[in-house]
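Pasted below: coords.txt, compact mmCIF, C-alpha atoms and all ligand atoms.
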# COMPACT_ATOMS: atom_id res chain seq x y z
CA MET A 1 62.41 -55.25 99.02
CA SER A 2 64.17 -58.48 98.18
CA ASP A 3 67.74 -59.54 97.54
CA ASN A 4 67.19 -59.80 93.82
CA MET A 5 67.45 -56.03 93.61
CA ASN A 6 71.25 -56.01 93.66
CA ASP A 7 71.93 -58.48 90.93
CA MET A 8 69.70 -56.53 88.60
CA ASP A 9 72.59 -54.31 87.50
CA GLN A 10 74.68 -57.09 86.07
CA MET A 11 71.47 -58.74 85.04
CA GLN A 12 71.78 -62.39 84.26
CA LEU A 13 68.83 -63.88 82.50
CA PHE A 14 69.87 -67.42 81.62
CA ASN A 15 71.53 -70.30 83.41
CA ASP A 16 74.11 -72.65 81.84
CA GLN A 17 71.46 -74.68 80.08
CA GLY A 18 69.97 -71.59 78.51
CA ARG A 19 66.88 -71.67 80.72
CA LEU A 20 65.52 -68.51 82.29
CA LEU A 21 66.62 -67.96 85.88
CA ASN A 22 63.37 -66.36 87.03
CA ALA A 23 65.42 -64.77 89.80
CA GLY A 24 62.54 -62.58 90.94
CA LEU A 25 60.38 -65.51 91.97
CA PRO A 26 60.55 -67.16 95.37
CA ASP A 27 62.05 -70.66 95.20
CA GLU A 28 58.83 -72.51 95.93
CA GLU A 29 57.14 -70.81 92.98
CA LYS A 30 59.84 -71.33 90.39
CA ALA A 31 58.56 -74.75 89.40
CA LEU A 32 55.16 -73.28 88.63
CA PHE A 33 56.36 -71.18 85.74
CA CYS A 34 57.87 -71.93 82.41
CA ASP A 35 61.58 -71.13 82.13
CA ALA A 36 61.85 -71.05 78.36
CA ALA A 37 62.63 -67.85 76.50
CA PRO A 38 60.43 -66.84 73.58
CA GLN A 39 61.37 -68.38 70.26
CA VAL A 40 61.43 -67.04 66.77
CA ASP A 41 58.61 -68.45 64.70
CA ALA A 42 59.80 -68.11 61.13
CA PRO A 43 57.11 -67.09 58.65
CA TYR A 44 56.05 -69.49 55.95
CA ARG A 45 57.05 -68.79 52.38
CA GLY A 46 55.17 -67.59 49.37
CA ILE A 47 51.48 -67.56 48.83
CA TRP A 48 50.54 -69.40 52.00
CA GLU A 49 52.11 -66.74 54.21
CA LYS A 50 50.43 -64.06 52.07
CA PHE A 51 47.10 -65.69 52.65
CA LEU A 52 47.75 -65.93 56.37
CA ASN A 53 48.77 -62.30 56.54
CA TRP A 54 45.64 -61.28 54.72
CA ALA A 55 43.57 -63.23 57.24
CA ARG A 56 45.50 -61.81 60.19
CA SER A 57 45.15 -58.25 59.02
CA GLU A 58 41.41 -58.52 58.50
CA SER A 59 40.76 -59.90 61.96
CA LEU A 60 42.45 -57.81 64.60
CA TRP A 61 41.34 -58.54 68.12
CA ILE A 62 42.37 -55.87 70.54
CA LEU A 63 43.11 -56.28 74.19
CA GLY A 64 40.77 -54.18 76.33
CA PHE A 65 43.47 -52.59 78.42
CA GLY A 66 43.60 -48.79 78.35
CA THR A 67 46.67 -47.47 80.10
CA GLY A 68 46.32 -43.72 79.76
CA CYS A 69 43.77 -41.03 79.01
CA GLY A 70 43.94 -41.71 75.25
CA ALA A 71 42.17 -45.01 75.81
CA ILE A 72 38.93 -43.07 76.11
CA GLU A 73 38.97 -42.85 72.31
CA LEU A 74 38.50 -46.59 72.08
CA ARG A 75 34.87 -46.27 73.20
CA PRO A 76 33.62 -44.11 70.33
CA LEU A 77 35.62 -46.38 68.06
CA MET A 78 33.51 -49.30 69.18
CA THR A 79 30.13 -47.67 68.89
CA SER A 80 28.03 -46.96 65.84
CA ARG A 81 29.63 -43.76 64.60
CA TYR A 82 33.09 -45.16 63.93
CA ASP A 83 32.15 -48.81 64.18
CA MET A 84 35.47 -50.58 64.21
CA TYR A 85 33.80 -53.95 63.64
CA GLN A 86 33.46 -53.09 59.97
CA TYR A 87 37.26 -53.14 59.81
CA GLY A 88 37.44 -56.55 61.41
CA VAL A 89 38.50 -55.16 64.77
CA GLN A 90 36.91 -56.25 68.01
CA PRO A 91 37.85 -56.09 71.68
CA ARG A 92 38.72 -59.12 73.76
CA PRO A 93 38.84 -59.35 77.54
CA THR A 94 42.04 -61.34 77.90
CA PRO A 95 45.52 -61.22 76.39
CA ARG A 96 45.28 -64.90 75.49
CA GLN A 97 42.64 -64.10 72.89
CA ALA A 98 44.02 -60.80 71.67
CA GLY A 99 46.37 -60.10 68.79
CA LEU A 100 46.58 -56.32 68.91
CA PHE A 101 47.62 -54.34 71.96
CA ILE A 102 46.70 -50.65 71.87
CA ILE A 103 48.69 -48.76 74.49
CA GLY A 104 46.31 -45.92 75.23
CA GLY A 105 48.80 -43.25 76.27
CA TYR A 106 51.16 -42.61 79.17
CA ALA A 107 52.48 -45.69 80.87
CA SER A 108 53.73 -45.41 84.42
CA VAL A 109 56.29 -47.87 85.68
CA LYS A 110 53.58 -49.68 87.59
CA THR A 111 51.45 -49.98 84.45
CA MET A 112 54.50 -50.94 82.41
CA LYS A 113 54.86 -54.05 84.52
CA ARG A 114 51.30 -55.06 83.61
CA ILE A 115 51.87 -54.12 79.99
CA VAL A 116 54.91 -56.36 79.75
CA ARG A 117 53.04 -59.17 81.40
CA SER A 118 50.01 -58.82 79.14
CA TYR A 119 52.08 -58.40 76.00
CA GLU A 120 54.03 -61.57 76.69
CA GLN A 121 50.86 -63.51 77.35
CA MET A 122 49.45 -62.65 73.95
CA GLN A 123 49.92 -65.25 71.27
CA GLY A 124 52.00 -64.42 68.25
CA PRO A 125 51.79 -62.96 65.73
CA LYS A 126 50.94 -59.94 67.82
CA PHE A 127 50.96 -56.26 67.11
CA VAL A 128 51.24 -53.07 69.15
CA LEU A 129 49.77 -49.65 68.41
CA GLY A 130 51.21 -46.76 70.41
CA LEU A 131 48.35 -44.31 70.80
CA GLY A 132 49.21 -40.72 71.62
CA SER A 133 52.31 -38.59 72.10
CA CYS A 134 52.95 -40.09 75.50
CA THR A 135 53.97 -43.37 73.94
CA VAL A 136 56.14 -41.66 71.34
CA ASN A 137 58.32 -39.43 73.51
CA GLY A 138 56.60 -39.06 76.84
CA GLY A 139 54.17 -36.38 75.66
CA MET A 140 53.33 -33.92 78.37
CA TYR A 141 54.69 -36.33 80.96
CA TRP A 142 58.14 -36.37 79.37
CA ASP A 143 59.87 -35.14 82.54
CA SER A 144 57.82 -37.11 85.03
CA TYR A 145 59.51 -39.30 87.62
CA ASN A 146 57.19 -42.18 86.93
CA THR A 147 56.18 -42.42 83.28
CA ILE A 148 58.24 -43.90 80.50
CA ASN A 149 59.30 -41.85 77.51
CA ARG A 150 59.68 -44.36 74.72
CA LEU A 151 57.44 -47.35 74.54
CA ASP A 152 59.58 -49.05 71.90
CA HIS A 153 62.36 -49.57 74.41
CA TYR A 154 60.20 -51.96 76.39
CA ILE A 155 58.03 -53.73 73.85
CA PRO A 156 58.23 -53.54 70.05
CA VAL A 157 55.78 -51.07 68.50
CA ASP A 158 54.34 -51.48 65.01
CA VAL A 159 52.62 -48.15 64.52
CA TYR A 160 52.68 -44.93 66.48
CA ILE A 161 49.72 -42.58 66.33
CA ALA A 162 50.76 -39.06 67.28
CA GLY A 163 48.44 -36.57 68.92
CA CYS A 164 47.21 -35.69 72.35
CA MET A 165 44.77 -37.28 72.23
CA PRO A 166 44.31 -38.66 68.71
CA ARG A 167 40.73 -38.82 67.48
CA PRO A 168 39.10 -42.13 66.51
CA GLU A 169 39.74 -41.24 62.86
CA ALA A 170 43.45 -41.21 63.61
CA LEU A 171 43.11 -44.56 65.30
CA LEU A 172 41.38 -45.97 62.24
CA ALA A 173 44.15 -44.56 60.06
CA GLY A 174 46.65 -46.26 62.34
CA ILE A 175 44.79 -49.52 62.15
CA ASN A 176 44.69 -49.33 58.36
CA GLU A 177 48.39 -48.59 58.33
CA LEU A 178 48.95 -51.64 60.48
CA LYS A 179 46.90 -53.74 58.09
CA LYS A 180 49.11 -52.64 55.26
CA LEU A 181 52.21 -53.54 57.22
CA ILE A 182 50.84 -56.97 58.03
CA LYS A 183 49.85 -57.63 54.43
CA ASP A 184 53.35 -56.63 53.33
CA GLY A 185 54.76 -59.20 55.71
CA LYS A 186 56.22 -56.56 58.03
CA GLY A 187 54.23 -57.47 61.12
CA GLU A 188 57.08 -59.55 62.52
CA ASN A 189 57.54 -57.80 65.82
CA ALA A 190 56.79 -60.84 67.94
CA ASN A 191 59.89 -62.36 66.38
CA LYS A 192 61.82 -59.17 66.91
CA TYR A 193 60.95 -59.39 70.57
CA ALA A 194 62.24 -62.95 70.74
CA GLU A 195 65.44 -62.05 68.89
CA ASN A 196 66.22 -59.04 71.08
CA PHE A 197 64.81 -60.58 74.22
CA GLU A 198 67.78 -59.69 76.42
CA TRP A 199 67.81 -56.06 75.35
CA TYR A 200 64.10 -55.67 76.08
CA LYS A 201 64.46 -57.44 79.41
CA GLY A 202 67.39 -55.23 80.37
CA ASN A 203 65.36 -52.10 79.67
CA GLN A 204 62.32 -53.43 81.46
CA LYS A 205 64.25 -54.48 84.51
CA LYS A 206 66.03 -51.17 84.65
CA ILE A 207 62.78 -49.44 85.54
CA ILE A 208 60.69 -52.21 87.10
CA LYS A 209 62.62 -52.61 90.30
CA ASP A 210 60.34 -54.99 92.15
CA TRP A 211 60.43 -57.71 89.55
CA ASN A 212 58.42 -60.46 91.23
CA MET A 213 57.10 -62.26 88.18
CA PRO A 214 58.59 -64.78 85.77
CA ASP A 215 61.17 -63.42 83.35
CA TYR A 216 58.96 -64.44 80.48
CA ASN A 217 55.23 -64.51 81.22
CA TRP A 218 54.24 -67.21 78.90
CA MET B 1 36.27 -17.78 117.67
CA THR B 2 35.27 -19.53 120.85
CA GLU B 3 36.89 -22.82 119.91
CA PHE B 4 40.19 -21.09 119.37
CA ASN B 5 40.04 -19.19 122.62
CA GLU B 6 39.17 -22.27 124.60
CA LEU B 7 41.78 -24.39 122.85
CA SER B 8 44.50 -21.81 123.35
CA ARG B 9 43.96 -21.96 127.10
CA GLN B 10 44.81 -25.63 127.08
CA PHE B 11 47.12 -26.22 124.11
CA GLN B 12 49.89 -24.52 122.19
CA VAL B 13 47.85 -23.10 119.33
CA SER B 14 48.38 -19.80 117.54
CA ASP B 15 47.83 -17.82 114.35
CA LEU B 16 44.09 -17.91 113.89
CA VAL B 17 43.41 -17.05 110.24
CA GLU B 18 39.93 -16.39 108.97
CA GLN B 19 39.97 -17.37 105.32
CA ARG B 20 36.20 -17.18 104.92
CA ALA B 21 33.34 -17.03 107.36
CA ASP B 22 33.13 -20.80 107.16
CA LEU B 23 36.84 -21.60 106.96
CA HIS B 24 39.46 -20.98 109.64
CA PHE B 25 43.05 -22.10 110.05
CA ILE B 26 44.95 -22.49 113.28
CA THR B 27 48.54 -23.50 113.86
CA ALA B 28 49.34 -26.07 116.52
CA SER B 29 52.67 -27.19 117.93
CA LYS B 30 53.90 -30.61 116.91
CA GLU B 31 53.48 -31.99 120.44
CA HIS B 32 49.91 -30.79 120.86
CA ALA B 33 48.56 -31.20 117.34
CA VAL B 34 46.98 -34.61 117.77
CA ALA B 35 45.41 -33.53 121.09
CA VAL B 36 44.02 -30.43 119.38
CA VAL B 37 42.58 -32.50 116.56
CA SER B 38 40.98 -34.97 118.97
CA ALA B 39 39.52 -32.14 121.02
CA LEU B 40 38.02 -30.63 117.88
CA LYS B 41 36.55 -33.97 116.99
CA GLU B 42 35.25 -35.02 120.42
CA ARG B 43 34.25 -31.70 121.94
CA TYR B 44 33.50 -29.30 119.12
CA GLY B 45 31.77 -31.52 116.59
CA TYR B 46 34.44 -31.54 113.87
CA THR B 47 33.73 -35.16 113.12
CA HIS B 48 34.74 -35.31 109.47
CA LEU B 49 38.34 -35.50 108.27
CA VAL B 50 38.12 -33.78 104.89
CA PHE B 51 41.77 -34.30 104.03
CA PHE B 52 45.13 -34.62 105.63
CA THR B 53 48.02 -33.38 103.60
CA VAL B 54 51.56 -32.08 103.64
CA VAL B 55 53.29 -29.22 101.80
CA ASP B 56 57.04 -29.05 101.37
CA HIS B 57 58.36 -25.58 102.21
CA LEU B 58 61.91 -26.13 101.09
CA GLU B 59 62.94 -22.50 101.61
CA LYS B 60 61.88 -22.56 105.26
CA ASN B 61 63.21 -26.09 105.67
CA GLU B 62 59.81 -27.15 106.96
CA PHE B 63 56.98 -29.48 106.16
CA HIS B 64 53.52 -28.10 106.84
CA LEU B 65 50.99 -30.78 107.71
CA THR B 66 47.36 -29.74 107.43
CA TYR B 67 44.45 -31.54 109.03
CA MET B 68 41.23 -30.25 107.49
CA LEU B 69 38.16 -30.94 109.60
CA HIS B 70 34.51 -30.29 108.99
CA ASN B 71 31.65 -29.63 111.38
CA TYR B 72 28.35 -30.75 109.89
CA GLU B 73 26.17 -28.86 112.35
CA LYS B 74 27.79 -25.50 111.80
CA HIS B 75 28.91 -26.16 108.21
CA HIS B 76 32.31 -24.94 109.20
CA ASP B 77 35.80 -26.07 108.13
CA MET B 78 38.79 -25.91 110.41
CA GLY B 79 42.35 -26.43 109.22
CA VAL B 80 44.97 -27.34 111.79
CA VAL B 81 48.46 -26.60 110.51
CA VAL B 82 51.56 -28.17 112.03
CA LYS B 83 55.05 -27.05 111.06
CA ILE B 84 57.80 -29.60 111.41
CA ALA B 85 61.45 -29.51 110.42
CA ARG B 86 62.38 -31.30 107.21
CA GLU B 87 65.00 -33.60 108.73
CA ASN B 88 63.74 -37.02 109.83
CA VAL B 89 60.15 -35.92 109.70
CA GLN B 90 58.01 -37.87 112.06
CA MET B 91 54.50 -37.27 113.27
CA GLU B 92 52.07 -39.02 115.54
CA SER B 93 49.51 -41.06 113.68
CA ILE B 94 45.81 -40.20 113.85
CA HIS B 95 44.46 -43.49 112.53
CA HIS B 96 42.84 -44.11 115.93
CA LEU B 97 40.60 -41.09 115.31
CA TRP B 98 39.74 -41.77 111.67
CA PRO B 99 40.76 -45.16 110.24
CA ALA B 100 40.86 -43.58 106.78
CA ALA B 101 43.74 -41.39 107.90
CA ALA B 102 46.02 -44.40 107.55
CA THR B 103 45.71 -44.11 103.78
CA TYR B 104 46.71 -40.45 103.81
CA GLN B 105 49.63 -41.32 106.02
CA GLN B 106 50.69 -44.15 103.77
CA GLU B 107 50.72 -41.79 100.82
CA MET B 108 52.65 -39.10 102.67
CA ARG B 109 55.22 -41.65 103.75
CA GLU B 110 55.73 -42.75 100.17
CA MET B 111 55.60 -39.41 98.40
CA TYR B 112 57.24 -37.15 101.01
CA GLY B 113 58.97 -39.48 103.44
CA VAL B 114 56.94 -38.35 106.45
CA GLU B 115 56.92 -41.16 109.01
CA PHE B 116 53.87 -42.00 111.11
CA PRO B 117 54.98 -44.74 113.52
CA GLY B 118 52.27 -47.30 114.20
CA SER B 119 50.07 -46.37 111.27
CA PRO B 120 48.68 -49.53 109.63
CA GLY B 121 50.14 -50.44 106.24
CA LEU B 122 52.56 -47.54 106.36
CA TYR B 123 55.23 -49.31 104.33
CA GLU B 124 52.97 -50.92 101.81
CA ASN B 125 53.13 -49.60 98.27
CA PHE B 126 50.71 -46.81 97.62
CA ALA B 127 51.20 -45.58 94.06
CA LEU B 128 54.82 -46.50 93.44
CA GLU B 129 56.36 -49.92 93.29
CA GLY B 130 59.94 -50.55 94.24
CA TRP B 131 60.91 -46.88 94.49
CA GLU B 132 64.56 -46.48 95.51
CA ASP B 133 65.31 -42.77 95.22
CA ILE B 134 64.34 -40.02 97.66
CA PRO B 135 60.56 -39.57 97.86
CA PRO B 136 59.52 -38.07 94.54
CA MET B 137 57.26 -35.27 95.75
CA ARG B 138 59.97 -33.68 97.87
CA ARG B 139 60.97 -30.47 96.22
CA ASP B 140 64.67 -31.23 96.24
CA PHE B 141 63.98 -34.24 94.01
CA ASP B 142 64.77 -33.28 90.42
CA THR B 143 62.21 -35.12 88.31
CA LYS B 144 63.65 -33.91 84.98
CA GLU B 145 67.09 -35.21 85.83
CA TYR B 146 65.68 -38.49 87.07
CA SER B 147 63.57 -38.91 83.96
CA ASP B 148 66.53 -38.13 81.69
CA LYS B 149 68.73 -40.75 83.22
CA THR B 150 66.03 -43.40 83.57
CA TYR B 151 63.58 -43.26 80.69
CA TYR B 152 65.58 -42.88 77.45
CA PRO B 153 64.45 -39.42 76.32
CA ARG B 154 63.76 -39.42 72.60
CA PRO B 155 66.22 -37.14 70.84
CA GLY B 156 64.85 -34.27 68.81
CA ARG B 157 62.45 -32.97 71.36
CA GLU B 158 62.57 -29.18 71.53
CA SER B 159 60.71 -26.59 73.53
CA HIS B 160 59.77 -23.20 72.17
CA ASP B 161 58.47 -20.12 73.82
CA PRO B 162 54.97 -20.16 72.30
CA ARG B 163 54.83 -16.42 71.81
CA GLU B 164 58.17 -16.14 70.04
CA TYR B 165 57.50 -19.24 67.99
CA MET B 166 54.16 -17.98 66.75
CA LYS B 167 55.64 -14.61 65.95
CA GLU B 168 58.36 -16.07 63.77
CA ASN B 169 56.55 -18.91 62.11
CA LEU B 170 52.85 -18.32 62.07
CA TYR B 171 52.24 -14.57 61.95
CA PRO B 172 55.45 -12.94 60.71
CA SER B 173 53.57 -10.14 58.97
CA GLU B 174 51.80 -9.11 62.13
CA ALA B 175 54.81 -9.47 64.38
CA GLU B 176 55.38 -5.70 64.42
CA THR B 177 52.09 -5.04 66.08
CA TRP B 178 52.65 -7.43 69.02
S1 LIG A 301 49.17 -38.26 74.68
FE1 LIG A 301 47.80 -36.83 75.72
S2 LIG A 301 45.81 -37.84 75.70
FE2 LIG A 301 47.36 -39.39 75.32
S3 LIG A 301 47.88 -40.26 77.31
FE3 LIG A 301 49.33 -38.64 76.89
S4 LIG A 301 48.44 -36.82 77.86
FE4 LIG A 301 46.80 -38.34 77.67
Written as structure tokens, how would this file's structure read?
Ligand code: SF4
Amino acid sequence: MSDNMNDMDQMQLFNDQGRLLNAGLPDEEKALFCDAAPQVDAPYRGIWEKFLNWARSESLWILGFGTGCGAIELRPLMTSRYDMYQYGVQPRPTPRQAGLFIIGGYASVKTMKRIVRSYEQMQGPKFVLGLGSCTVNGGMYWDSYNTINRLDHYIPVDVYIAGCMPRPEALLAGINELKKLIKDGKGENANKYAENFEWYKGNQKKIIKDWNMPDYNW
Amino acid sequence: MTEFNELSRQFQVSDLVEQRADLHFITASKEHAVAVVSALKERYGYTHLVFFTVVDHLEKNEFHLTYMLHNYEKHHDMGVVVKIARENVQMESIHHLWPAAATYQQEMREMYGVEFPGSPGLYENFALEGWEDIPPMRRDFDTKEYSDKTYYPRPGRESHDPREYMKENLYPSEAETW
């Protein structure tokens, strides 16, 4: 356990120049990581943005990272019966290539740390689907010592899919809902994350006590 | 049981319980437990450590450690139970007998706060990371309270007694007959 544990209460994220402190990193590693906070990327106007949103919504690449039991429903979704490829959805192995993060259920604190890291590494515009009751209000793990209750306090969530566990049909409904949101220009959560960066960081650092990664995993 | 009779001549063991023909439990004193376990392994052919676990008996203010051993020749299981007081729980390590025991001990240290001095990797994270409260599997740890103050419970969550709820809302006409 390191010294940075104490100053987490009165958490200070930025230095005088507005750069991230990265207080959790050892000094010799600080230079290796970027110290810029995420920035708002304002949408274009008019028809061009509409076209982009149409393109984005028809090509959702999901990150293959299943956190809880609900992630098992992603497999039938991929295979011939539900065939998500016909909706323009396909899995990717790394956050750098993915635009849609499906949180597959309960997230323990340990997993949350990886979720935050992966989410931040994804390129915007990026979207999050909360799959299963566990992401909505903790589900059956609502009183557990180690699983979060509300995903939207740690990363912004576009669509929640209730159920324990939701069937692939529900997932498809959620994906279609997300497509609608994106086409309507409401898929702006990457910007929301940048705008409320300090609030999200405060919540994340409240539960992730051994914060030994950069403040923004860019 | 011959093993028990022979062991009891040499060590402080008691309370032989026959759970099944192929499963017995004995209770050993804290000081002699590791010697009993090694004797079972070296002399009586209980070469396999099936599991090593701890139960929190809050009411008795005791932790009960259980070493479960298996004898492949006789297809027999032997559980060695050790009762230790809940304050500053410490137990001798058995990683010299079974290297895999270190993992059990690491988990018990993290989840129950049982110390095993000298056990390799004892203070490394097992399942938790950066845990600061009392060990979460101890029974005096209130997980509901901890969750409420840590994880932003979503308002509006209610619990119903399933029987009453179904009576009122789903089958009101049949409620009389329940
Ligand atoms: S909502 Fe149900 S199926 Fe989904 S992760 Fe939670 S317990 Fe598992």
Proximity check chain A to chain B, 10 Å, nearest pairs one decimal Å, all atoms listed in the file, as JSON lines:
{"residue": "A:Met1", "atom": "CA", "partner": "B:Gly130", "partner_atom": "CA", "distance": 7.1}
{"residue": "A:Ser2", "atom": "CA", "partner": "B:Gly130", "partner_atom": "CA", "distance": 9.8}
{"residue": "A:Met5", "atom": "CA", "partner": "B:Gly130", "partner_atom": "CA", "distance": 9.3}
{"residue": "A:Ser108", "atom": "CA", "partner": "B:Leu128", "partner_atom": "CA", "distance": 9.2}
{"residue": "A:Val109", "atom": "CA", "partner": "B:Glu129", "partner_atom": "CA", "distance": 7.9}
{"residue": "A:Lys110", "atom": "CA", "partner": "B:Glu129", "partner_atom": "CA", "distance": 6.3}
{"residue": "A:Lys113", "atom": "CA", "partner": "B:Glu129", "partner_atom": "CA", "distance": 9.8}
{"residue": "A:Val136", "atom": "CA", "partner": "B:Arg154", "partner_atom": "CA", "distance": 8.0}
{"residue": "A:Asn137", "atom": "CA", "partner": "B:Arg154", "partner_atom": "CA", "distance": 5.5}
{"residue": "A:Gly138", "atom": "CA", "partner": "B:Pro153", "partner_atom": "CA", "distance": 7.9}
{"residue": "A:Gly139", "atom": "CA", "partner": "B:Arg157", "partner_atom": "CA", "distance": 9.9}
{"residue": "A:Tyr141", "atom": "CA", "partner": "B:Ser147", "partner_atom": "CA", "distance": 9.7}
{"residue": "A:Trp142", "atom": "CA", "partner": "B:Ser147", "partner_atom": "CA", "distance": 7.6}
{"residue": "A:Asp143", "atom": "CA", "partner": "B:Lys144", "partner_atom": "CA", "distance": 4.7}
{"residue": "A:Ser144", "atom": "CA", "partner": "B:Thr143", "partner_atom": "CA", "distance": 5.8}
{"residue": "A:Tyr145", "atom": "CA", "partner": "B:Thr143", "partner_atom": "CA", "distance": 5.0}
{"residue": "A:Asn146", "atom": "CA", "partner": "B:Ser147", "partner_atom": "CA", "distance": 7.8}
{"residue": "A:Thr147", "atom": "CA", "partner": "B:Tyr151", "partner_atom": "CA", "distance": 7.9}
{"residue": "A:Ile148", "atom": "CA", "partner": "B:Tyr151", "partner_atom": "CA", "distance": 5.4}
{"residue": "A:Asn149", "atom": "CA", "partner": "B:Tyr151", "partner_atom": "CA", "distance": 5.5}
{"residue": "A:Arg150", "atom": "CA", "partner": "B:Tyr152", "partner_atom": "CA", "distance": 6.7}
{"residue": "A:Leu151", "atom": "CA", "partner": "B:Tyr151", "partner_atom": "CA", "distance": 9.6}
{"residue": "A:His153", "atom": "CA", "partner": "B:Tyr152", "partner_atom": "CA", "distance": 8.0}
{"residue": "A:Asn203", "atom": "CA", "partner": "B:Tyr151", "partner_atom": "CA", "distance": 9.1}
{"residue": "A:Lys206", "atom": "CA", "partner": "B:Thr150", "partner_atom": "CA", "distance": 7.8}
{"residue": "A:Ile207", "atom": "CA", "partner": "B:Thr150", "partner_atom": "CA", "distance": 7.1}
{"residue": "A:Ile208", "atom": "CA", "partner": "B:Gly130", "partner_atom": "CA", "distance": 7.4}
{"residue": "A:Lys209", "atom": "CA", "partner": "B:Gly130", "partner_atom": "CA", "distance": 5.2}
{"residue": "A:Asp210", "atom": "CA", "partner": "B:Gly130", "partner_atom": "CA", "distance": 4.9}
{"residue": "A:Trp211", "atom": "CA", "partner": "B:Gly130", "partner_atom": "CA", "distance": 8.6}
Please report, as JSON lines, each residue of chain A lying at most 12 Å from ligand LIG 301 (chain A), together with the nearest pair of atoms and the separation in Å rounded to one decimal; use all atoms listed in the file, and order rows by chain and ascending residue number.
{"residue": "A:Gly66", "atom": "CA", "partner": "A:LIG301", "partner_atom": "S3", "distance": 9.6}
{"residue": "A:Thr67", "atom": "CA", "partner": "A:LIG301", "partner_atom": "S3", "distance": 7.8}
{"residue": "A:Gly68", "atom": "CA", "partner": "A:LIG301", "partner_atom": "S3", "distance": 4.5}
{"residue": "A:Cys69", "atom": "CA", "partner": "A:LIG301", "partner_atom": "FE4", "distance": 4.3}
{"residue": "A:Gly70", "atom": "CA", "partner": "A:LIG301", "partner_atom": "FE2", "distance": 4.1}
{"residue": "A:Ala71", "atom": "CA", "partner": "A:LIG301", "partner_atom": "S3", "distance": 7.6}
{"residue": "A:Ile72", "atom": "CA", "partner": "A:LIG301", "partner_atom": "S2", "distance": 8.7}
{"residue": "A:Glu73", "atom": "CA", "partner": "A:LIG301", "partner_atom": "S2", "distance": 9.1}
{"residue": "A:Leu74", "atom": "CA", "partner": "A:LIG301", "partner_atom": "FE2", "distance": 11.9}
{"residue": "A:Ile102", "atom": "CA", "partner": "A:LIG301", "partner_atom": "S3", "distance": 11.8}
{"residue": "A:Ile103", "atom": "CA", "partner": "A:LIG301", "partner_atom": "S3", "distance": 9.0}
{"residue": "A:Gly104", "atom": "CA", "partner": "A:LIG301", "partner_atom": "S3", "distance": 6.2}
{"residue": "A:Gly105", "atom": "CA", "partner": "A:LIG301", "partner_atom": "S3", "distance": 3.3}
{"residue": "A:Tyr106", "atom": "CA", "partner": "A:LIG301", "partner_atom": "S3", "distance": 4.4}
{"residue": "A:Ala107", "atom": "CA", "partner": "A:LIG301", "partner_atom": "S3", "distance": 8.0}
{"residue": "A:Ser108", "atom": "CA", "partner": "A:LIG301", "partner_atom": "S3", "distance": 10.5}
{"residue": "A:Gly130", "atom": "CA", "partner": "A:LIG301", "partner_atom": "FE2", "distance": 9.7}
{"residue": "A:Leu131", "atom": "CA", "partner": "A:LIG301", "partner_atom": "FE2", "distance": 6.8}
{"residue": "A:Gly132", "atom": "CA", "partner": "A:LIG301", "partner_atom": "S1", "distance": 3.9}
{"residue": "A:Ser133", "atom": "CA", "partner": "A:LIG301", "partner_atom": "S1", "distance": 4.1}
{"residue": "A:Cys134", "atom": "CA", "partner": "A:LIG301", "partner_atom": "FE3", "distance": 4.1}
{"residue": "A:Thr135", "atom": "CA", "partner": "A:LIG301", "partner_atom": "S1", "distance": 7.0}
{"residue": "A:Val136", "atom": "CA", "partner": "A:LIG301", "partner_atom": "S1", "distance": 8.4}
{"residue": "A:Asn137", "atom": "CA", "partner": "A:LIG301", "partner_atom": "S1", "distance": 9.3}
{"residue": "A:Gly138", "atom": "CA", "partner": "A:LIG301", "partner_atom": "FE3", "distance": 7.3}
{"residue": "A:Gly139", "atom": "CA", "partner": "A:LIG301", "partner_atom": "S1", "distance": 5.4}
{"residue": "A:Met140", "atom": "CA", "partner": "A:LIG301", "partner_atom": "S4", "distance": 5.7}
{"residue": "A:Tyr141", "atom": "CA", "partner": "A:LIG301", "partner_atom": "S4", "distance": 7.0}
{"residue": "A:Trp142", "atom": "CA", "partner": "A:LIG301", "partner_atom": "FE3", "distance": 9.4}
{"residue": "A:Ser144", "atom": "CA", "partner": "A:LIG301", "partner_atom": "S4", "distance": 11.8}
{"residue": "A:Thr147", "atom": "CA", "partner": "A:LIG301", "partner_atom": "FE3", "distance": 10.1}
{"residue": "A:Ile148", "atom": "CA", "partner": "A:LIG301", "partner_atom": "FE3", "distance": 11.0}
{"residue": "A:Asn149", "atom": "CA", "partner": "A:LIG301", "partner_atom": "FE3", "distance": 10.5}
{"residue": "A:Tyr160", "atom": "CA", "partner": "A:LIG301", "partner_atom": "S1", "distance": 11.1}
{"residue": "A:Ile161", "atom": "CA", "partner": "A:LIG301", "partner_atom": "S1", "distance": 9.4}
{"residue": "A:Ala162", "atom": "CA", "partner": "A:LIG301", "partner_atom": "S1", "distance": 7.6}
{"residue": "A:Gly163", "atom": "CA", "partner": "A:LIG301", "partner_atom": "S1", "distance": 6.0}
{"residue": "A:Cys164", "atom": "CA", "partner": "A:LIG301", "partner_atom": "FE1", "distance": 3.6}
{"residue": "A:Met165", "atom": "CA", "partner": "A:LIG301", "partner_atom": "S2", "distance": 3.7}
{"residue": "A:Pro166", "atom": "CA", "partner": "A:LIG301", "partner_atom": "S2", "distance": 7.2}
{"residue": "A:Arg167", "atom": "CA", "partner": "A:LIG301", "partner_atom": "S2", "distance": 9.7}
| request: Can you pull out every residue within 12 Å of Tyr119 of chain A, counting all atoms listed in the file, but drop anything in the same chain fewer than 3 positions away, and send it as a ChimeraX atom specification? | output: /A:62-63,65,94-103,111-116,122-129,154-157,189-190,193,216-218
